[in-house]
Structure formats: C-alpha cells, structure tokens
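Colleague: Next up is a structure, given as structure tokens.
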Amino acid sequence: MTEGMTYGRYLALDQLLAAQHPLSDRHDELLFIIIHQTKELWLKQILAELHLAKGLVREGKLIEAYKGLARVSRIQAVMTMSWDVLATMTPSDYTRFRSVLGGSSGFQSDQFRAVETMLGLRGGGVPGPLTTEAAALPSLWDDANAALAAAGFALPDAVLHRDWPTPYQPNDDVRAAWGQVYRDTNRYWDLYQLAEKLVDIDDALATWRHKHVLTVSRVIGGKMGTGGTPGVSYLESTLAKRAFPELWSLRTDL
C-alpha cells in the first residue's frame, strides 16, 4: 500500500535535517553550516528564476519576465539579512572551530559564481560546471541588450554578437540607447521596467557584498580567508562590480 504524502516526506526533511555534520564540538559551527547551506538553497532558486527570466527576455516577453526578476531581488534581500544572524558569532566563537574548515571557502561556490556569470559578471575565480555552462551562453545583460535592439535601437555588432565567455565591456552606444529609454518611459515602458528590475538586482547584489565585507571584517578582521583567499581585502575589491554598468552610468546623462 502506498503511503500518503506527509510534510516531512514532501520536503525530504529526514535527509535535509541530517545534512549538517559539524567537525568540532563547538556550538557555533552548526550555525555556520546552516547559514551557508541555506544560502546555497537560495542560490539554487535564483538560478532557476534567472533561467526562466532569460528565456522570456530572449522571446521578447519582457513583462512576463518581471516576476522572476523581482523574486531574485527579494531573495537577495533575505540572503543579506542572514549576515546579521552570522554576525552574532564572535571572533572568539569562530576561532574555536575555524581550523576544521581546512581549505574550504565560499570562494569555491559554483552556484554563486554561476549567478554572477548569468547576470553578466564573467571571468572571476575558478569556474565550476555550472559557471562554465553559463559562460558559454549570453548573459542576462546580453539578453536585455538584444531586446533593446529588437525594439529598433541601433547597437553595434560587437555588443550583439560578442564572444560570450569574455567579460563584457561597457559601450557608449548601449548607454545612449538605454538613456533614450529613460527619457521616453511612456513609449518604452516595458524596456524601462525591465531596466529597473535589473538595477534592483544589481543594487541588491552590491548590498549583499557590502554586508559580507562588514560581517567577515567583524568576525576575522584582516586575517587571510580560508582556502588561501585574501579575506576582507579581496571582498572589498568586489564592491564596485556592476552587472549592468550602463544602467548606472546613464543616470549621469539624464
């Protein structure tokens, strides 16, 4: 006889709640594990939303893409808030179990790198399978620029048919075209709203990075990160990254 569906079975709670394996006897290690596992689950959902939104934008269904893009920025906000929970762990708490992490580091998160790559930030870190797959395809910013061209804006071939795995270089023609969208929002409402959804995501990513820097600085100070990373100094170097650069620079022109 087939067993009926239950809450625990549907959510695979036996496996989920048994997936935390602290290597020390320190109380705070469980929090450290759960925070990072939770982030990976949210990154999985972000990747699913980006895959759907990218396809819709490519098909010219900009309005239909808004929901998924808005969901991404909301998830990012939740991920940023989780740093406040981790910050309840003091430097003394962390140093008592840090040695068990060995060479592991959040720098090795293939899902986070894949999110960056799908948005348009390419060429950072050592790519894993998801990142490599994402790098072979146009980014969300490439898709948005293709939608801009489909609406009649003249964009250079170097933008529309570039070598996808290479890092994107800001382009004055792209900036001018999106600037025109912002100057005539009634005429280009769907593109304008798409642009603002993308700015929401970029804004949320910058906020997440900033909070990450503060939290790591609060917990380990200026020490090297695990896995041989430079720690706070490296994280600070990422603060200026923008996935959709022309959407920021055009604001100076308006």
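Identifiers in the structure tokens: chain A, B, ... in order shown; residue index from 1 per chain; ligand index from 1 in order shown.
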Listing only residues of segment 92-117 of chain A within 9 Å of segment 134-155 of chain A, what is the closest atom pair and its distance in Å (to one decimal) for each, using only C-alpha atoms, sorted by chain and residue number ascending, as a Markdown table?

Modeller:
| residue | atom | partner | partner_atom | distance |
| --- | --- | --- | --- | --- |
| A:Ala114 | CA | A:Ala134 | CA | 6.3 |
| A:Val115 | CA | A:Ala134 | CA | 8.5 |
| A:Thr117 | CA | A:Ala135 | CA | 6.1 |

Colleague: Determine which residues of segment 18-240 of chain A DSSP labels as alpha helix (DSSP H) from the backbone of this structure, then write them out as JSON, numbers by chain.

Modeller: {"A": [28, 29, 30, 31, 32, 33, 34, 35, 36, 37, 38, 39, 40, 41, 42, 43, 44, 45, 46, 47, 48, 49, 50, 51, 52, 53, 54, 55, 56, 57, 58, 62, 63, 64, 65, 66, 67, 68, 69, 70, 71, 72, 73, 74, 75, 76, 77, 78, 79, 80, 81, 82, 83, 84, 85, 86, 91, 92, 93, 94, 95, 110, 111, 112, 113, 114, 115, 116, 117, 118, 119, 129, 130, 131, 132, 133, 134, 135, 140, 141, 142, 143, 144, 145, 146, 147, 148, 149, 150, 157, 158, 159, 160, 172, 173, 174, 175, 176, 177, 178, 179, 180, 181, 182, 183, 189, 190, 191, 192, 193, 194, 195, 196, 197, 198, 199, 200, 201, 202, 203, 204, 205, 206, 207, 208, 209, 210, 211, 212, 213, 214, 215, 216, 217, 218, 219, 220, 232, 233, 234, 235, 236, 237]}

Colleague: Please provide the set of residues having any atom within 10 Å of Leu86 of chain A, restricted to only C-alpha atoms, with same-chain residues fewer than 5 positions apart removed, written as a ChimeraX atom specification.

Modeller: /A:28,31-32,34-36,81,215-216,219

Colleague: Write out as a list in words each polymer residue whose atoms come within 10 Å of Thr95 of chain A, counting only C-alpha atoms; drop sequence neighbours fewer than 4 positions from it.

Modeller: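 Once the nearby chain positions are removed, what remains is Thr90, Pro91, Ser99, Val100, Val219 and Ile220 of chain A.
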
Colleague: Rounded to one decimal in Å, what is the spacing between atom CA of Ala87 of chain A and atom CA of Lys241 of chain A?

Modeller: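 Atom CA of Lys241 of chain A lies 23.9 Å from atom CA of Ala87 of chain A.
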
Colleague: Just the residues within 6 Å of segment 61-76 of chain A, please, counting only C-alpha atoms, with nothing from its chain fewer than 4 positions along; format it as a list in words.

Modeller: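 Using only C-alpha atoms, the neighbours found are Ile46, Glu49, Ala53, Leu56, Val57 and Ile201 of chain A.
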
Colleague: May I ask which of the residues A:Glu59, A:Glu40, A:Asp163, A:Asp84 is the closest one to Ser109 of chain A, counting only C-alpha atoms?

Modeller: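 Between A:Glu59, A:Glu40, A:Asp163, A:Asp84, the residue approaching Ser109 of chain A most closely is A:Glu40.
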
Colleague: For the atom pair atom CA of Gly123 of chain A and atom CA of Tyr234 of chain A, what is the interatomic distance in Å to one decimal place?

Modeller: 15.2 Å

Colleague: Determine, counting only C-alpha atoms, which protein, DNA and RNA residues have an atom within 12 Å of an atom of Gly102 of chain A; residues of the same chain fewer than 6 positions away are not included. Present the result as a list in words.

Modeller: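 Contacts, in chain order: Leu23, Gly225, Thr226, Gly227 and Gly228 of chain A.
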
Colleague: Hey, can you spit out that residue selection with N, CA, C and O atoms as a compact mmCIF listing (two decimals), in the first residue's frame?

Modeller:
# COMPACT_ATOMS: atom_id res chain seq x y z
N LEU A 23 32.28 19.30 12.46
CA LEU A 23 33.52 18.54 12.65
C LEU A 23 34.15 18.82 13.99
O LEU A 23 35.16 18.21 14.34
N GLY A 225 41.57 34.66 4.49
CA GLY A 225 40.39 33.83 4.48
C GLY A 225 40.77 32.36 4.35
O GLY A 225 41.91 32.02 4.05
N THR A 226 39.81 31.47 4.59
CA THR A 226 40.08 30.05 4.40
C THR A 226 40.24 29.78 2.92
O THR A 226 39.79 30.55 2.07
N GLY A 227 40.90 28.69 2.59
CA GLY A 227 41.12 28.36 1.18
C GLY A 227 42.18 29.21 0.52
O GLY A 227 42.31 29.22 -0.70
N GLY A 228 42.94 29.98 1.32
CA GLY A 228 44.01 30.79 0.77
C GLY A 228 43.56 32.11 0.18
O GLY A 228 44.35 32.80 -0.47

Colleague: Leaving out segment 202-206 of chain A and any residue of its chain fewer than 4 positions from it, which residues lie within 9 Å of it when counting only C-alpha atoms, given as a list in words?

Modeller: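 Once the nearby chain positions are removed, what remains is Ser73, Arg74, Gln76, Ala77, Thr80, Leu119, Lys197, Leu198, His210, Lys211, Thr238, Leu239, Ala240, Lys241, Arg242, Ala243 and Phe244 of chain A.
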
Colleague: Keeping only all heavy atoms, write the selected residues to a file as a tab-separated table (two decimals), in the first residue's frame.

Modeller:
chain	number	residue	atom	x	y	z
A	73	SER	N	15.55	39.66	-6.61
A	73	SER	CA	15.99	40.73	-5.71
A	73	SER	C	15.44	40.55	-4.30
A	73	SER	O	16.09	40.92	-3.31
A	73	SER	CB	15.61	42.11	-6.28
A	73	SER	OG	14.21	42.25	-6.43
A	74	ARG	N	14.25	39.96	-4.16
A	74	ARG	CA	13.71	39.68	-2.83
A	74	ARG	C	14.52	38.59	-2.13
A	74	ARG	O	14.78	38.66	-0.93
A	74	ARG	CB	12.24	39.25	-2.91
A	74	ARG	CG	11.29	40.25	-3.52
A	74	ARG	CD	11.28	41.59	-2.78
A	74	ARG	NE	10.23	42.45	-3.29
A	74	ARG	CZ	10.32	43.21	-4.38
A	74	ARG	NH1	11.44	43.21	-5.10
A	74	ARG	NH2	9.33	43.98	-4.76
A	76	GLN	N	17.62	37.97	-2.69
A	76	GLN	CA	18.90	38.60	-2.32
A	76	GLN	C	18.78	39.35	-1.00
A	76	GLN	O	19.71	39.34	-0.19
A	76	GLN	CB	19.32	39.57	-3.43
A	76	GLN	CG	19.77	38.89	-4.72
A	76	GLN	CD	20.01	39.90	-5.82
A	76	GLN	OE1	19.09	40.57	-6.27
A	76	GLN	NE2	21.25	40.03	-6.24
A	77	ALA	N	17.64	40.00	-0.79
A	77	ALA	CA	17.43	40.73	0.46
A	77	ALA	C	17.44	39.79	1.66
A	77	ALA	O	18.01	40.10	2.71
A	77	ALA	CB	16.12	41.51	0.40
A	80	THR	N	20.98	38.74	2.34
A	80	THR	CA	21.73	39.81	3.00
A	80	THR	C	21.40	39.86	4.49
A	80	THR	O	22.29	40.02	5.34
A	80	THR	CB	21.42	41.16	2.34
A	80	THR	OG1	21.83	41.13	0.98
A	80	THR	CG2	22.13	42.30	3.05
A	119	LEU	N	24.32	36.84	-14.78
A	119	LEU	CA	23.98	38.26	-14.77
A	119	LEU	C	24.86	39.04	-15.74
A	119	LEU	O	24.43	40.06	-16.29
A	119	LEU	CB	24.14	38.83	-13.35
A	119	LEU	CG	23.17	38.30	-12.31
A	119	LEU	CD1	23.49	38.90	-10.94
A	119	LEU	CD2	21.72	38.61	-12.70
A	197	LYS	N	14.15	46.59	-13.04
A	197	LYS	CA	14.25	45.29	-12.36
A	197	LYS	C	15.71	44.84	-12.30
A	197	LYS	O	16.15	44.25	-11.31
A	197	LYS	CB	13.41	44.24	-13.10
A	197	LYS	CG	11.90	44.49	-13.05
A	197	LYS	CD	11.35	44.37	-11.66
A	197	LYS	CE	9.83	44.49	-11.62
A	197	LYS	NZ	9.36	45.83	-12.00
A	198	LEU	N	16.45	45.13	-13.37
A	198	LEU	CA	17.87	44.76	-13.39
A	198	LEU	C	18.66	45.60	-12.39
A	198	LEU	O	19.56	45.09	-11.71
A	198	LEU	CB	18.44	44.93	-14.80
A	198	LEU	CG	17.82	44.06	-15.89
A	198	LEU	CD1	18.53	44.27	-17.22
A	198	LEU	CD2	17.84	42.58	-15.51
A	210	HIS	N	28.48	44.33	0.35
A	210	HIS	CA	28.88	45.25	1.41
A	210	HIS	C	28.67	44.62	2.79
A	210	HIS	O	29.56	44.69	3.66
A	210	HIS	CB	28.07	46.55	1.30
A	210	HIS	CG	28.35	47.54	2.38
A	210	HIS	ND1	29.56	48.18	2.52
A	210	HIS	CD2	27.58	47.98	3.40
A	210	HIS	CE1	29.53	48.98	3.56
A	210	HIS	NE2	28.34	48.88	4.12
A	211	LYS	N	27.53	43.99	2.99
A	211	LYS	CA	27.25	43.34	4.27
A	211	LYS	C	28.18	42.16	4.50
A	211	LYS	O	28.58	41.89	5.65
A	211	LYS	CB	25.78	42.89	4.31
A	211	LYS	CG	25.33	42.44	5.70
A	211	LYS	CD	25.41	43.57	6.71
A	211	LYS	CE	24.89	43.13	8.07
A	211	LYS	NZ	25.03	44.19	9.08
A	238	THR	N	35.63	43.70	-4.65
A	238	THR	CA	34.46	43.35	-5.47
A	238	THR	C	33.31	44.34	-5.34
A	238	THR	O	32.31	44.23	-6.04
A	238	THR	CB	33.93	41.94	-5.09
A	238	THR	OG1	33.34	41.99	-3.78
A	238	THR	CG2	35.05	40.91	-5.10
A	239	LEU	N	33.43	45.29	-4.42
A	239	LEU	CA	32.30	46.17	-4.11
A	239	LEU	C	31.87	47.04	-5.29
A	239	LEU	O	30.71	47.43	-5.38
A	239	LEU	CB	32.65	47.07	-2.92
A	239	LEU	CG	32.81	46.35	-1.57
A	239	LEU	CD1	33.21	47.34	-0.49
A	239	LEU	CD2	31.53	45.63	-1.18
A	240	ALA	N	32.79	47.35	-6.19
A	240	ALA	CA	32.46	48.23	-7.32
A	240	ALA	C	31.89	47.47	-8.52
A	240	ALA	O	31.51	48.09	-9.51
A	240	ALA	CB	33.69	49.02	-7.74
A	241	LYS	N	31.81	46.15	-8.43
A	241	LYS	CA	31.30	45.37	-9.56
A	241	LYS	C	29.84	45.71	-9.86
A	241	LYS	O	29.03	45.82	-8.94
A	241	LYS	CB	31.40	43.86	-9.26
A	241	LYS	CG	32.78	43.27	-9.36
A	241	LYS	CD	32.72	41.76	-9.19
A	241	LYS	CE	34.06	41.10	-9.38
A	241	LYS	NZ	33.95	39.62	-9.27
A	242	ARG	N	29.53	45.87	-11.14
A	242	ARG	CA	28.15	46.10	-11.57
A	242	ARG	C	27.88	45.21	-12.79
A	242	ARG	O	28.63	45.23	-13.76
A	242	ARG	CB	27.91	47.57	-11.93
A	242	ARG	CG	28.07	48.54	-10.78
A	242	ARG	CD	27.00	48.36	-9.72
A	242	ARG	NE	27.15	49.31	-8.61
A	242	ARG	CZ	27.87	49.08	-7.52
A	242	ARG	NH1	28.51	47.93	-7.36
A	242	ARG	NH2	27.95	49.99	-6.56
A	243	ALA	N	26.80	44.45	-12.71
A	243	ALA	CA	26.45	43.55	-13.81
A	243	ALA	C	25.90	44.30	-15.01
A	243	ALA	O	26.03	43.84	-16.15
A	243	ALA	CB	25.45	42.50	-13.33
A	244	PHE	N	25.25	45.43	-14.76
A	244	PHE	CA	24.58	46.19	-15.82
A	244	PHE	C	25.12	47.63	-15.81
A	244	PHE	O	24.40	48.57	-15.44
A	244	PHE	CB	23.06	46.17	-15.61
A	244	PHE	CG	22.55	44.81	-15.18
A	244	PHE	CD1	21.99	44.63	-13.92
A	244	PHE	CD2	22.65	43.71	-16.02
A	244	PHE	CE1	21.52	43.39	-13.51
A	244	PHE	CE2	22.20	42.45	-15.62
A	244	PHE	CZ	21.63	42.29	-14.37

Colleague: Looking at only C-alpha atoms, which of A:Trp42, A:Tyr94, A:Tyr182, A:Tyr192 is the one that sits closest to Val78 of chain A?

Modeller: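 Checking each candidate against Val78 of chain A, we get A:Trp42 as the closest.
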
Colleague: Please, what distance in Å, to one decimal, runs between atom CA of Gly231 of chain A and atom CA of Pro129 of chain A?

Modeller: 24.4 Å
